[in-house]
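Undergrad: The structure that follows is given in the form of structure tokens.
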Amino acid sequence: MLEAVDLTKRYGQVQALDGFSLTVDAGEIVGLVGHNGAGKTTFIEMAASLARPDGGRVTIGGEEPSRVRHRIGIAPQHIALYRSVDVREHLALFGGLAGMRGAVLRTAIDELVAALRLTEFVGRRAGLLSGGQQRRTQAACALIHRPSVLLLDEPTAGADPETREALLDVVKQRAGEGAAIIYTTHYLPELAELQATIAVARRGRVIARGTSAELLASLPGEVSVTVDGREIRASTTDPGGTLIDLLQRNDRGVTAVELRKPSLDDLYRSLAVTDAAT
Amino acid sequence: MRQREATHRIGVLIRHNTLMRLRDPGQMISYVVLPMVIMLMFKPLYEKALGTGTIQVVTGPLVMFSVFTLAIVGNSILVEREWRTWDRLRTSSASAFELLLGKTVPVFVILLVQQSVLLVYGCLVIGLPFPKSIGYVALAVVVWGLTLLAIGAALATVMRSHAELGMVSDLGAIVLSSIGGALVPVSLMPEWAQFLAHFSPGYWALRMLQSAVVGDSAGIVLPTAVLLAIALVAGLFAIRRIARGWGRSDLL
């Protein structure tokens, strides 16, 4: 559905993208993670036809994004709402621009505000909404026309648990209906909940891609053995073998054994270490 | 089919932008009421001092306060940059042309309404002779509205804040309209000022409006041409900036 091949983009001295490649199939959620400056937002802007690549190409269903804007829904990283316009009017605007009208539009608005738990605030102007309500309104603007490609750039940044839960539910539902979704975030547990494929971006390119299980398999876990009150810790990619080895060397006085598998947070931290080291 | 969809999108944008303007009517009201008060208060002075009848009394403040409306034009565009909503609109199915049309039509209507209300007020309250040709007056109002729209849009693409835009539109309104003859007829100004007046759009607007009111068809041609040229240059500059250079709100 969405394919990016070898994208490059430079802003002045900054190489924002440097051979960025990524594909997302219909019905797939790809969680794009990486530190600030990794190129996530630049890629989202290109996929939404807001920026042109210096090199490479990005296509949606084989066409340039600018030719199929009606198939794209985007929730940008920064809040982009009209402060003097209420939630329903926002949805009417973006639904209307996508060609929706009349009863179809009204029904779509009612369903979406209910799904995103905005019904109570539908007549409230955006400037008077809380941060979480603004996030949900922004997401609703991206979702109103049921796009086949959804670009969600940190949609839950600074959001409360209610907002996060509501958004994740709708995102899962839309993927189930066949939308190709790119979801950037710094909160990796969200990606586990979405059962997303994870793509790791660093310095303008995707350096790893896979399910969370596949990516975590490459990370070391931790084995801890307490012998006579003294704790021995070891970081290892083979926790079972390491544990057996530790137990063989300390066959008496073992009072506690702990095995810790790597988590998604460890994966994120490992990116930081890699970045700091390079 | 495509044309029908485009028309629908333009209608959606016009409705949306009209809503935004109606929710923030402060500037619009003050730029209509203030010149009315000024016309009323200064009418005796102008009549006695100048003997030019009521034409100068009505057209002078009209031109000055219509230049003030540059702030409305500019703010309507600047706010899209500030709220980052323009980038959001650019990702929709609407083309750059549709976005611009939807944005500018409501503001253009405001400019036309302001001038029309002031002219009607001039006729009914101040005693401006009823124009001999409504067509000429309508032409003048439309041309001046277009010129202001283009200049305001161009300004909004280079200004970095509302304060900066306010300063430029306030200074511009006072300087351009006064040097253009809105306060004192150009013929009474010193020679250097009479020369400078030709570089003020306000000067050409006054000449055009005054010629239109008295039905001077020959006198309306040159000012109309000059103002249309200014509108064209400013408009092309604004379109180029809006469609290309000013894509990123973080340029603010």
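Going through the structure tokens in order, the chains are called A, B, and so on, while each chain numbers its residues from 1 and the ligands are numbered from 1 in the order shown.
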Using only C-alpha atoms, find the residues of chain A whose closest atom to chain B is at most 7 Å away, then write them as a list in words.
TA: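 Selected residues: Ala48, Ser49, Leu50, Arg69, His70, Ala80, Leu81, Tyr82, Ser84, Leu93, Gly96, Leu97, Ala98 and Gly99 of chain A.
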Undergrad: Save out the residues we just selected, C-alpha atoms, as an mmCIF file, in the first residue's frame.
TA:
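The result, stored in part.cif:
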```
data_model
loop_
_atom_site.group_PDB
_atom_site.id
_atom_site.type_symbol
_atom_site.label_atom_id
_atom_site.label_comp_id
_atom_site.auth_asym_id
_atom_site.auth_seq_id
_atom_site.Cartn_x
_atom_site.Cartn_y
_atom_site.Cartn_z
ATOM 1 C CA ALA A 48 1.595 13.199 3.187
ATOM 2 C CA SER A 49 2.994 15.172 0.209
ATOM 3 C CA LEU A 50 4.028 18.093 2.420
ATOM 4 C CA ARG A 69 -4.486 12.823 -1.011
ATOM 5 C CA HIS A 70 -8.062 11.645 -0.543
ATOM 6 C CA ALA A 80 -3.022 21.885 14.206
ATOM 7 C CA LEU A 81 -6.561 22.970 15.083
ATOM 8 C CA TYR A 82 -8.561 26.176 14.633
ATOM 9 C CA SER A 84 -12.238 29.323 17.346
ATOM 10 C CA LEU A 93 -14.387 20.769 7.353
ATOM 11 C CA GLY A 96 -16.209 18.018 3.464
ATOM 12 C CA LEU A 97 -12.785 18.489 1.882
ATOM 13 C CA ALA A 98 -12.697 14.724 1.336
ATOM 14 C CA GLY A 99 -15.993 14.960 -0.564
#
```
Undergrad: Using DSSP on the backbone coordinates, identify all residues within segment 163-223 of chain A classified as strand (DSSP E or B); present the result as an MDAnalysis selection string.
TA: chainID A and resid 180:184 197:202 205:210 221:223
Undergrad: Could you name the residues that touch Leu219 of chain A at 12 Å or less, counting only C-alpha atoms, but leaving out those on the same chain fewer than 6 positions away, as a ChimeraX atom specification?
TA: /A:212-213,235-239,260-271
Undergrad: Gly219 of chain B: which residues within 10 Å, counting only C-alpha atoms, same-chain residues fewer than 4 positions away excluded, as a list of chain:residue names?
TA: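 Contacts, with the query itself left out: B:Arg207, B:Met208, B:Leu209, B:Gln210, B:Ser211, B:Ala212, B:Val214, B:Gly215, B:Pro223, B:Thr224.
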Undergrad: Take the residues just selected and output them with N, CA, C and O atoms as a PDB file, in the first residue's frame.
TA:
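Saved the output as again03.pdb:
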```
ATOM      1  N   ARG B 207      -8.193  58.775  -6.210  1.00  0.00           N
ATOM      2  CA  ARG B 207      -8.503  59.304  -7.546  1.00  0.00           C
ATOM      3  C   ARG B 207      -9.571  58.464  -8.222  1.00  0.00           C
ATOM      4  O   ARG B 207     -10.500  58.983  -8.847  1.00  0.00           O
ATOM      5  N   MET B 208      -9.432  57.151  -8.083  1.00  0.00           N
ATOM      6  CA  MET B 208     -10.380  56.251  -8.737  1.00  0.00           C
ATOM      7  C   MET B 208     -11.781  56.407  -8.130  1.00  0.00           C
ATOM      8  O   MET B 208     -12.779  56.534  -8.857  1.00  0.00           O
ATOM      9  N   LEU B 209     -11.852  56.428  -6.809  1.00  0.00           N
ATOM     10  CA  LEU B 209     -13.154  56.519  -6.141  1.00  0.00           C
ATOM     11  C   LEU B 209     -13.831  57.861  -6.420  1.00  0.00           C
ATOM     12  O   LEU B 209     -15.038  57.934  -6.692  1.00  0.00           O
ATOM     13  N   GLN B 210     -13.023  58.950  -6.347  1.00  0.00           N
ATOM     14  CA  GLN B 210     -13.605  60.280  -6.579  1.00  0.00           C
ATOM     15  C   GLN B 210     -14.092  60.422  -8.022  1.00  0.00           C
ATOM     16  O   GLN B 210     -15.161  60.977  -8.272  1.00  0.00           O
ATOM     17  N   SER B 211     -13.318  59.876  -8.959  1.00  0.00           N
ATOM     18  CA  SER B 211     -13.748  59.900 -10.364  1.00  0.00           C
ATOM     19  C   SER B 211     -15.014  59.083 -10.550  1.00  0.00           C
ATOM     20  O   SER B 211     -15.927  59.460 -11.296  1.00  0.00           O
ATOM     21  N   ALA B 212     -15.086  57.930  -9.855  1.00  0.00           N
ATOM     22  CA  ALA B 212     -16.255  57.051  -9.980  1.00  0.00           C
ATOM     23  C   ALA B 212     -17.503  57.744  -9.435  1.00  0.00           C
ATOM     24  O   ALA B 212     -18.581  57.662 -10.036  1.00  0.00           O
ATOM     25  N   VAL B 214     -18.195  60.933  -9.240  1.00  0.00           N
ATOM     26  CA  VAL B 214     -18.691  62.009 -10.113  1.00  0.00           C
ATOM     27  C   VAL B 214     -18.961  61.519 -11.539  1.00  0.00           C
ATOM     28  O   VAL B 214     -19.386  62.302 -12.395  1.00  0.00           O
ATOM     29  N   GLY B 215     -18.698  60.241 -11.787  1.00  0.00           N
ATOM     30  CA  GLY B 215     -18.991  59.665 -13.102  1.00  0.00           C
ATOM     31  C   GLY B 215     -18.002  60.084 -14.174  1.00  0.00           C
ATOM     32  O   GLY B 215     -18.345  60.135 -15.357  1.00  0.00           O
ATOM     33  N   PRO B 223      -6.029  55.299 -12.756  1.00  0.00           N
ATOM     34  CA  PRO B 223      -5.921  54.731 -11.408  1.00  0.00           C
ATOM     35  C   PRO B 223      -6.299  53.262 -11.348  1.00  0.00           C
ATOM     36  O   PRO B 223      -5.663  52.477 -10.639  1.00  0.00           O
ATOM     37  N   THR B 224      -7.311  52.887 -12.123  1.00  0.00           N
ATOM     38  CA  THR B 224      -7.723  51.473 -12.121  1.00  0.00           C
ATOM     39  C   THR B 224      -6.595  50.597 -12.651  1.00  0.00           C
ATOM     40  O   THR B 224      -6.290  49.538 -12.075  1.00  0.00           O
TER      41      THR B 224
END
```
Undergrad: Could you name the residues that touch Thr42 of chain A at 9 Å or less, counting only C-alpha atoms, but leaving out those on the same chain fewer than 4 positions away, as a PDB file with C-alpha atoms, in the first residue's frame?
TA:
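Saved as out_21.pdb:
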```
ATOM      1  CA  LYS A   9      16.315  14.781   2.198  1.00  0.00           C
ATOM      2  CA  ALA A  16      17.124  14.457   7.610  1.00  0.00           C
ATOM      3  CA  LEU A  17      16.712  11.295   5.518  1.00  0.00           C
ATOM      4  CA  GLY A  37      15.956  13.761  14.626  1.00  0.00           C
ATOM      5  CA  ALA A  38      15.868  10.163  13.388  1.00  0.00           C
ATOM      6  CA  MET A  46       6.831  13.176   2.537  1.00  0.00           C
ATOM      7  CA  ALA A  47       4.200  10.454   2.706  1.00  0.00           C
ATOM      8  CA  ALA A  51       7.683  17.727   1.460  1.00  0.00           C
ATOM      9  CA  GLY A 204      17.558   9.116   8.510  1.00  0.00           C
TER      10      GLY A 204
END
```
Undergrad: Would you work out the distance separating atom CA of Val143 of chain B from atom CA of Pro131 of chain B, expressed in Å to one decimal?
TA: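 Interatomic distance, atom CA of Val143 of chain B to atom CA of Pro131 of chain B: 17.1 Å.
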Undergrad: How many Å separate atom CA of Leu216 of chain A from atom CA of Leu167 of chain A?
TA: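 Between atom CA of Leu216 of chain A and atom CA of Leu167 of chain A the gap works out to 25.6 Å.
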Undergrad: From segment 176-252 of chain A, collect each residue whose DSSP state is alpha helix (DSSP H) and return the set as a list in words.
TA: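 Filtering segment 176-252 of chain A down to alpha helix (DSSP H) leaves Gly176, Leu188, Pro189, Glu190, Leu191, Ala192, Glu193, Leu194, Ser212, Ala213, Glu214, Leu215, Leu216, Ala217, Pro239, Gly240, Gly241, Thr242, Leu243, Ile244, Asp245, Leu246, Leu247, Gln248 and Arg249 of chain A.
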Undergrad: May I ask for the distance between atom CA of Ala173 of chain B and atom CA of Arg240 of chain B, given in Å to one decimal place?
TA: 24.8 Å
Undergrad: Point out the residue among A:Pro65, A:Gly158, A:Gly253, A:Gly31 with the least atom-to-atom distance to Glu231 of chain A, counting only C-alpha atoms.
TA: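 Residue with the minimum atom-to-atom distance to Glu231 of chain A: A:Gly253.
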Undergrad: Produce a table with one row for each residue of segment 73-144 of chain B that has an atom at most 7 Å from any atom of segment 57-62 of chain B, each row naming the nearest atom pair and its distance in Å at one decimal; use only C-alpha atoms; arrange rows by chain and rising residue number; format as a Markdown table.
TA:
```
| residue | atom | partner | partner_atom | distance |
| --- | --- | --- | --- | --- |
| B:Gln115 | CA | B:Leu62 | CA | 6.6 |
| B:Leu118 | CA | B:Leu62 | CA | 6.6 |
| B:Gly122 | CA | B:Val58 | CA | 5.7 |
```
Undergrad: Tell me which protein, DNA and RNA residues are within 12 Å of Phe42 of chain B, counting only C-alpha atoms, leaving out same-chain ones fewer than 6 positions away, and put them as a VMD selection string.
TA: chain B and resid 35 to 36 48 to 50 53 to 54 56 to 58 60 to 61 126 183 to 184
Undergrad: Could you write out the selected residues, including N, CA and C atoms, as a PDB file, in the first residue's frame?
TA:
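Written file, result-v9.pdb:
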```pdb
ATOM      1  N   PRO B  35     -14.539  55.217  10.777  1.00  0.00           N
ATOM      2  CA  PRO B  35     -14.614  56.218   9.690  1.00  0.00           C
ATOM      3  C   PRO B  35     -15.956  56.937   9.644  1.00  0.00           C
ATOM      4  N   MET B  36     -17.017  56.266  10.079  1.00  0.00           N
ATOM      5  CA  MET B  36     -18.320  56.946  10.128  1.00  0.00           C
ATOM      6  C   MET B  36     -18.257  58.125  11.086  1.00  0.00           C
ATOM      7  N   LYS B  48     -15.725  73.843   5.143  1.00  0.00           N
ATOM      8  CA  LYS B  48     -15.321  75.242   5.248  1.00  0.00           C
ATOM      9  C   LYS B  48     -13.909  75.473   4.726  1.00  0.00           C
ATOM     10  N   ALA B  49     -13.003  74.569   5.065  1.00  0.00           N
ATOM     11  CA  ALA B  49     -11.595  74.779   4.729  1.00  0.00           C
ATOM     12  C   ALA B  49     -11.304  74.499   3.264  1.00  0.00           C
ATOM     13  N   LEU B  50     -11.932  73.512   2.718  1.00  0.00           N
ATOM     14  CA  LEU B  50     -11.555  73.080   1.374  1.00  0.00           C
ATOM     15  C   LEU B  50     -12.549  73.469   0.287  1.00  0.00           C
ATOM     16  N   GLY B  53     -16.734  70.150  -1.150  1.00  0.00           N
ATOM     17  CA  GLY B  53     -17.952  69.368  -0.975  1.00  0.00           C
ATOM     18  C   GLY B  53     -17.712  68.186  -0.068  1.00  0.00           C
ATOM     19  N   THR B  54     -18.546  67.211  -0.222  1.00  0.00           N
ATOM     20  CA  THR B  54     -18.475  66.075   0.699  1.00  0.00           C
ATOM     21  C   THR B  54     -17.658  64.904   0.134  1.00  0.00           C
ATOM     22  N   GLN B  56     -14.420  64.631  -0.550  1.00  0.00           N
ATOM     23  CA  GLN B  56     -13.199  64.399   0.227  1.00  0.00           C
ATOM     24  C   GLN B  56     -13.537  63.871   1.621  1.00  0.00           C
ATOM     25  N   VAL B  57     -14.621  64.375   2.203  1.00  0.00           N
ATOM     26  CA  VAL B  57     -15.014  63.967   3.558  1.00  0.00           C
ATOM     27  C   VAL B  57     -15.306  62.454   3.601  1.00  0.00           C
ATOM     28  N   VAL B  58     -15.913  61.939   2.538  1.00  0.00           N
ATOM     29  CA  VAL B  58     -16.299  60.521   2.536  1.00  0.00           C
ATOM     30  C   VAL B  58     -15.159  59.639   2.018  1.00  0.00           C
ATOM     31  N   GLY B  60     -11.890  60.162   1.723  1.00  0.00           N
ATOM     32  CA  GLY B  60     -10.634  60.178   2.495  1.00  0.00           C
ATOM     33  C   GLY B  60     -10.636  59.118   3.597  1.00  0.00           C
ATOM     34  N   PRO B  61     -11.558  59.225   4.583  1.00  0.00           N
ATOM     35  CA  PRO B  61     -11.600  58.194   5.639  1.00  0.00           C
ATOM     36  C   PRO B  61     -11.884  56.794   5.079  1.00  0.00           C
ATOM     37  N   ILE B 126     -23.912  61.924   5.333  1.00  0.00           N
ATOM     38  CA  ILE B 126     -22.938  63.012   5.150  1.00  0.00           C
ATOM     39  C   ILE B 126     -23.353  63.932   4.001  1.00  0.00           C
ATOM     40  N   LEU B 183      -6.180  62.580   4.057  1.00  0.00           N
ATOM     41  CA  LEU B 183      -6.438  63.577   5.094  1.00  0.00           C
ATOM     42  C   LEU B 183      -6.502  64.979   4.501  1.00  0.00           C
ATOM     43  N   VAL B 184      -5.514  65.289   3.684  1.00  0.00           N
ATOM     44  CA  VAL B 184      -5.428  66.608   3.039  1.00  0.00           C
ATOM     45  C   VAL B 184      -5.286  66.374   1.535  1.00  0.00           C
TER      46      VAL B 184
END
```
